[in-house]
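**Student:** Contents of coords35.txt (compact mmCIF, C-alpha atoms):
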# COMPACT_ATOMS: atom_id res chain seq x y z
CA MET A 1 -58.44 -147.85 -58.53
CA ASP A 2 -62.01 -149.04 -58.92
CA CYS A 3 -60.98 -152.67 -58.51
CA LEU A 4 -62.89 -154.93 -56.15
CA PHE A 5 -59.86 -157.04 -55.25
CA CYS A 6 -57.58 -154.03 -54.75
CA LYS A 7 -60.19 -152.76 -52.28
CA ILE A 8 -60.13 -156.06 -50.40
CA ILE A 9 -56.33 -156.00 -50.37
CA ASN A 10 -56.35 -152.41 -49.08
CA GLY A 11 -58.93 -153.21 -46.41
CA GLU A 12 -61.63 -151.01 -47.95
CA LEU A 13 -63.90 -154.01 -48.45
CA PRO A 14 -64.27 -157.03 -46.15
CA ALA A 15 -63.44 -160.62 -47.01
CA ASN A 16 -63.05 -163.83 -45.07
CA LYS A 17 -59.28 -164.15 -45.41
CA VAL A 18 -57.69 -167.56 -45.05
CA TYR A 19 -54.12 -166.65 -46.04
CA ASP A 20 -52.08 -163.46 -46.24
CA ASP A 21 -48.40 -162.78 -46.99
CA ASP A 22 -46.28 -160.11 -48.70
CA LEU A 23 -47.29 -161.19 -52.21
CA VAL A 24 -50.77 -162.67 -52.11
CA VAL A 25 -53.97 -162.85 -50.13
CA ALA A 26 -56.57 -165.62 -50.19
CA PHE A 27 -60.21 -165.45 -49.16
CA ASP A 28 -63.54 -167.20 -49.59
CA ASP A 29 -65.35 -166.76 -52.89
CA ILE A 30 -68.66 -165.05 -52.08
CA ALA A 31 -70.51 -167.37 -54.50
CA PRO A 32 -68.87 -170.74 -53.77
CA LYS A 33 -69.13 -173.46 -56.41
CA ALA A 34 -67.82 -176.20 -54.10
CA PRO A 35 -67.65 -176.84 -50.33
CA HIS A 36 -64.27 -175.11 -50.39
CA HIS A 37 -63.88 -172.28 -52.88
CA LYS A 38 -61.03 -169.86 -52.21
CA LEU A 39 -59.52 -167.13 -54.37
CA ILE A 40 -55.77 -166.56 -54.31
CA VAL A 41 -55.06 -162.99 -55.41
CA PRO A 42 -51.76 -161.20 -55.99
CA LYS A 43 -51.36 -157.88 -54.18
CA VAL A 44 -50.11 -156.25 -57.37
CA HIS A 45 -52.86 -155.38 -59.84
CA ILE A 46 -52.65 -157.43 -63.04
CA ALA A 47 -55.84 -157.32 -65.10
CA THR A 48 -55.67 -160.61 -67.01
CA LEU A 49 -53.29 -163.44 -67.85
CA ASN A 50 -52.67 -161.62 -71.12
CA ASP A 51 -50.85 -158.93 -69.13
CA LEU A 52 -48.23 -161.30 -67.72
CA ASP A 53 -44.57 -161.10 -68.57
CA LYS A 54 -41.75 -163.38 -67.49
CA ASN A 55 -41.00 -161.18 -64.47
CA HIS A 56 -44.27 -162.38 -62.99
CA ASN A 57 -43.27 -166.05 -63.10
CA PRO A 58 -42.16 -166.33 -59.44
CA LEU A 59 -45.36 -164.60 -58.31
CA LEU A 60 -47.54 -166.86 -60.46
CA GLY A 61 -45.75 -169.92 -59.15
CA HIS A 62 -46.21 -168.67 -55.61
CA MET A 63 -49.95 -168.44 -56.24
CA ILE A 64 -50.08 -172.09 -57.33
CA HIS A 65 -47.90 -173.17 -54.42
CA THR A 66 -50.12 -171.20 -52.03
CA ALA A 67 -53.14 -173.09 -53.37
CA SER A 68 -51.42 -176.36 -52.45
CA VAL A 69 -50.56 -175.02 -48.98
CA ILE A 70 -54.17 -173.96 -48.38
CA ALA A 71 -55.44 -177.33 -49.64
CA LYS A 72 -53.20 -179.07 -47.11
CA ASP A 73 -54.40 -176.74 -44.34
CA LEU A 74 -58.01 -177.51 -45.27
CA GLY A 75 -57.33 -181.25 -45.16
CA VAL A 76 -58.41 -181.75 -48.78
CA ALA A 77 -55.03 -182.25 -50.45
CA GLU A 78 -55.18 -186.03 -50.61
CA ASN A 79 -58.78 -186.25 -51.84
CA GLY A 80 -58.00 -183.59 -54.38
CA TYR A 81 -58.60 -180.06 -55.58
CA ARG A 82 -58.75 -177.99 -58.75
CA THR A 83 -57.12 -174.64 -59.50
CA ILE A 84 -58.46 -172.40 -62.28
CA PHE A 85 -57.46 -169.15 -63.91
CA ASN A 86 -60.15 -167.65 -66.14
CA CYS A 87 -59.06 -165.12 -68.74
CA ASN A 88 -61.58 -162.83 -70.42
CA LYS A 89 -65.12 -163.42 -71.63
CA ASP A 90 -65.12 -166.98 -72.96
CA ALA A 91 -63.83 -168.23 -69.61
CA GLY A 92 -66.21 -166.09 -67.57
CA GLN A 93 -63.67 -163.74 -65.97
CA VAL A 94 -65.70 -161.20 -63.98
CA VAL A 95 -63.14 -159.32 -61.87
CA PHE A 96 -60.27 -157.94 -63.93
CA HIS A 97 -57.55 -158.54 -61.36
CA ILE A 98 -56.10 -162.00 -61.83
CA HIS A 99 -57.19 -164.59 -59.26
CA LEU A 100 -56.66 -168.29 -58.88
CA HIS A 101 -59.74 -170.30 -57.96
CA LEU A 102 -59.13 -173.17 -55.55
CA LEU A 103 -62.03 -175.64 -55.51
CA ALA A 104 -62.32 -178.72 -53.31
CA GLY A 105 -64.60 -180.79 -51.13
CA ARG A 106 -66.51 -182.77 -53.73
CA PRO A 107 -65.85 -184.71 -56.93
CA MET A 108 -65.51 -182.38 -59.92
CA PRO A 109 -66.30 -184.23 -63.14
CA GLY A 110 -65.50 -182.64 -66.46
CA MET A 111 -63.63 -179.42 -66.76
CA THR A 112 -65.48 -176.83 -68.74
CA GLN A 113 -69.26 -177.26 -68.78
CA MET B 1 -40.28 -194.33 -65.42
CA ASP B 2 -43.66 -195.69 -66.43
CA CYS B 3 -45.04 -192.18 -66.91
CA LEU B 4 -46.99 -191.31 -70.04
CA PHE B 5 -45.83 -187.69 -70.11
CA CYS B 6 -42.19 -188.55 -69.42
CA LYS B 7 -42.40 -190.86 -72.45
CA ILE B 8 -43.77 -188.03 -74.60
CA ILE B 9 -41.01 -185.72 -73.31
CA ASN B 10 -38.38 -188.37 -74.08
CA GLY B 11 -39.78 -189.02 -77.56
CA GLU B 12 -40.87 -192.58 -76.77
CA LEU B 13 -44.51 -191.71 -77.44
CA PRO B 14 -45.83 -189.31 -80.08
CA ALA B 15 -47.75 -186.10 -79.43
CA ASN B 16 -48.79 -183.13 -81.50
CA LYS B 17 -46.44 -180.59 -79.95
CA VAL B 18 -47.29 -176.92 -80.16
CA TYR B 19 -44.54 -175.56 -77.90
CA ASP B 20 -41.19 -176.79 -76.63
CA ASP B 21 -38.42 -175.16 -74.61
CA ASP B 22 -35.86 -176.12 -71.96
CA LEU B 23 -38.43 -176.34 -69.17
CA VAL B 24 -41.79 -177.33 -70.62
CA VAL B 25 -43.49 -178.91 -73.59
CA ALA B 26 -47.07 -178.37 -74.75
CA PHE B 27 -49.18 -180.62 -76.93
CA ASP B 28 -52.77 -181.36 -77.88
CA ASP B 29 -54.91 -183.23 -75.36
CA ILE B 30 -55.92 -186.50 -77.04
CA ALA B 31 -59.50 -186.13 -75.71
CA PRO B 32 -60.16 -182.41 -76.25
CA LYS B 33 -62.93 -180.78 -74.20
CA ALA B 34 -62.90 -177.56 -76.24
CA PRO B 35 -61.89 -176.50 -79.79
CA HIS B 36 -58.44 -175.76 -78.36
CA HIS B 37 -57.26 -178.03 -75.56
CA LYS B 38 -53.53 -178.08 -74.91
CA LEU B 39 -51.51 -179.53 -72.05
CA ILE B 40 -48.47 -177.64 -70.76
CA VAL B 41 -46.15 -180.13 -69.05
CA PRO B 42 -42.89 -179.56 -67.16
CA LYS B 43 -39.96 -181.67 -68.31
CA VAL B 44 -39.16 -182.56 -64.72
CA HIS B 45 -41.40 -185.25 -63.24
CA ILE B 46 -43.62 -183.91 -60.43
CA ALA B 47 -46.51 -186.22 -59.58
CA THR B 48 -49.09 -183.79 -58.16
CA LEU B 49 -49.43 -180.22 -56.92
CA ASN B 50 -48.97 -181.66 -53.42
CA ASP B 51 -45.34 -182.38 -54.33
CA LEU B 52 -44.48 -178.75 -55.05
CA ASP B 53 -42.05 -176.76 -52.98
CA LYS B 54 -41.06 -173.11 -53.32
CA ASN B 55 -38.15 -173.98 -55.60
CA HIS B 56 -40.71 -174.89 -58.24
CA ASN B 57 -42.30 -171.43 -58.24
CA PRO B 58 -40.43 -170.07 -61.30
CA LEU B 59 -41.25 -173.25 -63.23
CA LEU B 60 -44.93 -173.11 -62.26
CA GLY B 61 -45.10 -169.46 -63.25
CA HIS B 62 -43.44 -170.28 -66.54
CA MET B 63 -46.18 -172.85 -67.20
CA ILE B 64 -48.88 -170.22 -66.68
CA HIS B 65 -47.00 -167.67 -68.79
CA THR B 66 -46.56 -170.27 -71.53
CA ALA B 67 -50.32 -170.84 -71.54
CA SER B 68 -50.80 -167.12 -72.22
CA VAL B 69 -48.19 -167.21 -75.00
CA ILE B 70 -49.88 -170.18 -76.65
CA ALA B 71 -53.30 -168.51 -76.33
CA LYS B 72 -51.92 -165.45 -78.14
CA ASP B 73 -50.39 -167.66 -80.83
CA LEU B 74 -53.74 -169.41 -81.30
CA GLY B 75 -55.53 -166.07 -81.63
CA VAL B 76 -57.83 -166.79 -78.68
CA ALA B 77 -56.32 -164.53 -76.03
CA GLU B 78 -58.81 -161.70 -76.41
CA ASN B 79 -61.92 -163.88 -76.50
CA GLY B 80 -60.58 -165.79 -73.56
CA TYR B 81 -59.25 -169.06 -72.20
CA ARG B 82 -59.15 -171.14 -69.05
CA THR B 83 -56.20 -172.84 -67.38
CA ILE B 84 -56.71 -175.74 -64.97
CA PHE B 85 -54.57 -177.86 -62.70
CA ASN B 86 -56.30 -180.97 -61.36
CA CYS B 87 -54.86 -182.58 -58.26
CA ASN B 88 -55.82 -186.13 -57.27
CA LYS B 89 -59.10 -188.01 -57.44
CA ASP B 90 -61.74 -185.39 -56.62
CA ALA B 91 -60.47 -183.22 -59.46
CA GLY B 92 -60.13 -186.09 -61.92
CA GLN B 93 -56.33 -186.16 -62.25
CA VAL B 94 -55.53 -189.13 -64.49
CA VAL B 95 -51.83 -188.76 -65.33
CA PHE B 96 -49.65 -188.31 -62.27
CA HIS B 97 -47.21 -185.86 -63.82
CA ILE B 98 -48.48 -182.34 -63.30
CA HIS B 99 -49.96 -180.68 -66.37
CA LEU B 100 -51.73 -177.42 -67.01
CA HIS B 101 -54.85 -177.64 -69.16
CA LEU B 102 -55.36 -174.73 -71.57
CA LEU B 103 -58.93 -174.60 -72.90
CA ALA B 104 -60.28 -172.12 -75.42
CA GLY B 105 -62.42 -171.64 -78.49
CA ARG B 106 -65.89 -171.61 -76.97
CA PRO B 107 -67.71 -170.08 -73.99
CA MET B 108 -67.05 -172.04 -70.81
CA PRO B 109 -69.84 -171.47 -68.31
CA GLY B 110 -69.46 -172.62 -64.73
CA MET B 111 -66.28 -174.02 -63.41
CA THR B 112 -66.71 -177.40 -61.85
CA GLN B 113 -69.70 -179.36 -63.14
Output the file's structure as structure tokens, nothing else.
**Tutor:**
Amino acid sequence: MDCLFCKIINGELPANKVYDDDLVVAFDDIAPKAPHHKLIVPKVHIATLNDLDKNHNPLLGHMIHTASVIAKDLGVAENGYRTIFNCNKDAGQVVFHIHLHLLAGRPMPGMTQ
Amino acid sequence: MDCLFCKIINGELPANKVYDDDLVVAFDDIAPKAPHHKLIVPKVHIATLNDLDKNHNPLLGHMIHTASVIAKDLGVAENGYRTIFNCNKDAGQVVFHIHLHLLAGRPMPGMTQ
């Protein structure tokens, strides 16, 4: 697998991990767009949201729930945070292993510029 | 319940629905930020992502999966789309009933400006 995130999951590449369990890992984005910018990544390789089927629903939900847990741990849950999935070119997906962006630590006006 | 989205779900307020099942409904955002801007909303009232527990995981996953289904129906899945949850003030959450934004139809640079 020539997948950046699979290599992080397998320990072949380093990352600053902030959360790890049987299903997902979370680590700092290397090009943060906010004071807190984490990526929540499933340990199973799924290229894009277009590759999801209903069997993935509990895993996807766990990713969202994990974002809320991390936000609470970071102390930003009350002020607020944003979670983003980008799928394919128009949304700027760069790594083709699905990942949930968690952004927090400053006001985030707009949604898509 | 003085909740805008509960009123849409209950039929007390109109919306241009594009998807409806036992768990979620999806409709056009009234202030679209992209050529396609849909909101996927659970029929159960949950105020923010901070109110999630693990029992909600299948529902949350179903919301993400539904976004991918709608994107395919719209013909935008290959070009791409973005899904966003905003939680609380810093992220600009306005309606306190969780909702997943689905944005598509144009390139979306950046993530948070």
**Student:** Atom CA of B:Ala26 and atom CA of A:Leu39, how far apart in Å?
**Tutor:**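 These atoms are spaced 26.4 Å apart.
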**Student:** Pull out every residue of chain A that has at least one atom within 9 Å of chain B, counting only C-alpha atoms, and report them as number ranges by chain.
**Tutor:** A: 33-34, 49-54, 56-65, 67-69, 71-72, 77-93, 103-113
**Student:** Only C-alpha atoms, please: the residues just picked out, written as an mmCIF file, in the coordinates of the input.
**Tutor:**
data_model
loop_
_atom_site.group_PDB
_atom_site.id
_atom_site.type_symbol
_atom_site.label_atom_id
_atom_site.label_comp_id
_atom_site.auth_asym_id
_atom_site.auth_seq_id
_atom_site.Cartn_x
_atom_site.Cartn_y
_atom_site.Cartn_z
ATOM 1 C CA LYS A 33 -69.130 -173.460 -56.410
ATOM 2 C CA ALA A 34 -67.820 -176.200 -54.100
ATOM 3 C CA LEU A 49 -53.290 -163.440 -67.850
ATOM 4 C CA ASN A 50 -52.670 -161.620 -71.120
ATOM 5 C CA ASP A 51 -50.850 -158.930 -69.130
ATOM 6 C CA LEU A 52 -48.230 -161.300 -67.720
ATOM 7 C CA ASP A 53 -44.570 -161.100 -68.570
ATOM 8 C CA LYS A 54 -41.750 -163.380 -67.490
ATOM 9 C CA HIS A 56 -44.270 -162.380 -62.990
ATOM 10 C CA ASN A 57 -43.270 -166.050 -63.100
ATOM 11 C CA PRO A 58 -42.160 -166.330 -59.440
ATOM 12 C CA LEU A 59 -45.360 -164.600 -58.310
ATOM 13 C CA LEU A 60 -47.540 -166.860 -60.460
ATOM 14 C CA GLY A 61 -45.750 -169.920 -59.150
ATOM 15 C CA HIS A 62 -46.210 -168.670 -55.610
ATOM 16 C CA MET A 63 -49.950 -168.440 -56.240
ATOM 17 C CA ILE A 64 -50.080 -172.090 -57.330
ATOM 18 C CA HIS A 65 -47.900 -173.170 -54.420
ATOM 19 C CA ALA A 67 -53.140 -173.090 -53.370
ATOM 20 C CA SER A 68 -51.420 -176.360 -52.450
ATOM 21 C CA VAL A 69 -50.560 -175.020 -48.980
ATOM 22 C CA ALA A 71 -55.440 -177.330 -49.640
ATOM 23 C CA LYS A 72 -53.200 -179.070 -47.110
ATOM 24 C CA ALA A 77 -55.030 -182.250 -50.450
ATOM 25 C CA GLU A 78 -55.180 -186.030 -50.610
ATOM 26 C CA ASN A 79 -58.780 -186.250 -51.840
ATOM 27 C CA GLY A 80 -58.000 -183.590 -54.380
ATOM 28 C CA TYR A 81 -58.600 -180.060 -55.580
ATOM 29 C CA ARG A 82 -58.750 -177.990 -58.750
ATOM 30 C CA THR A 83 -57.120 -174.640 -59.500
ATOM 31 C CA ILE A 84 -58.460 -172.400 -62.280
ATOM 32 C CA PHE A 85 -57.460 -169.150 -63.910
ATOM 33 C CA ASN A 86 -60.150 -167.650 -66.140
ATOM 34 C CA CYS A 87 -59.060 -165.120 -68.740
ATOM 35 C CA ASN A 88 -61.580 -162.830 -70.420
ATOM 36 C CA LYS A 89 -65.120 -163.420 -71.630
ATOM 37 C CA ASP A 90 -65.120 -166.980 -72.960
ATOM 38 C CA ALA A 91 -63.830 -168.230 -69.610
ATOM 39 C CA GLY A 92 -66.210 -166.090 -67.570
ATOM 40 C CA GLN A 93 -63.670 -163.740 -65.970
ATOM 41 C CA LEU A 103 -62.030 -175.640 -55.510
ATOM 42 C CA ALA A 104 -62.320 -178.720 -53.310
ATOM 43 C CA GLY A 105 -64.600 -180.790 -51.130
ATOM 44 C CA ARG A 106 -66.510 -182.770 -53.730
ATOM 45 C CA PRO A 107 -65.850 -184.710 -56.930
ATOM 46 C CA MET A 108 -65.510 -182.380 -59.920
ATOM 47 C CA PRO A 109 -66.300 -184.230 -63.140
ATOM 48 C CA GLY A 110 -65.500 -182.640 -66.460
ATOM 49 C CA MET A 111 -63.630 -179.420 -66.760
ATOM 50 C CA THR A 112 -65.480 -176.830 -68.740
ATOM 51 C CA GLN A 113 -69.260 -177.260 -68.780
#
**Student:** Find the spatial neighbours of stretch 6-10 of chain B, counting all atoms listed in the file, within a cut-off of 9 Å - ignore same-chain residues fewer than 4 positions away - and output them as a PyMOL selection string.
**Tutor:** chain B and resi 1-2+14-15+24-25+41-45+97
**Student:** I want to know what sits within 10 Å of B:Val18, based on all atoms listed in the file, with residues of the same chain fewer than 4 positions away left out; could you give that as a list in words?
**Tutor:**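 What passes the distance filter is Val25, Ala26, Phe27, Asp28, Lys38, Leu39, Ile40, Ile70, Asp73 and Leu74 of chain B.
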**Student:** Just how far from atom CA of A:Asp29 is atom CA of B:Phe96, in Å to one decimal?
**Tutor:** 28.3 Å
**Student:** So what do you get for atom CA of B:His37 versus atom CA of B:Phe5, distance-wise?
**Tutor:** 15.9 Å
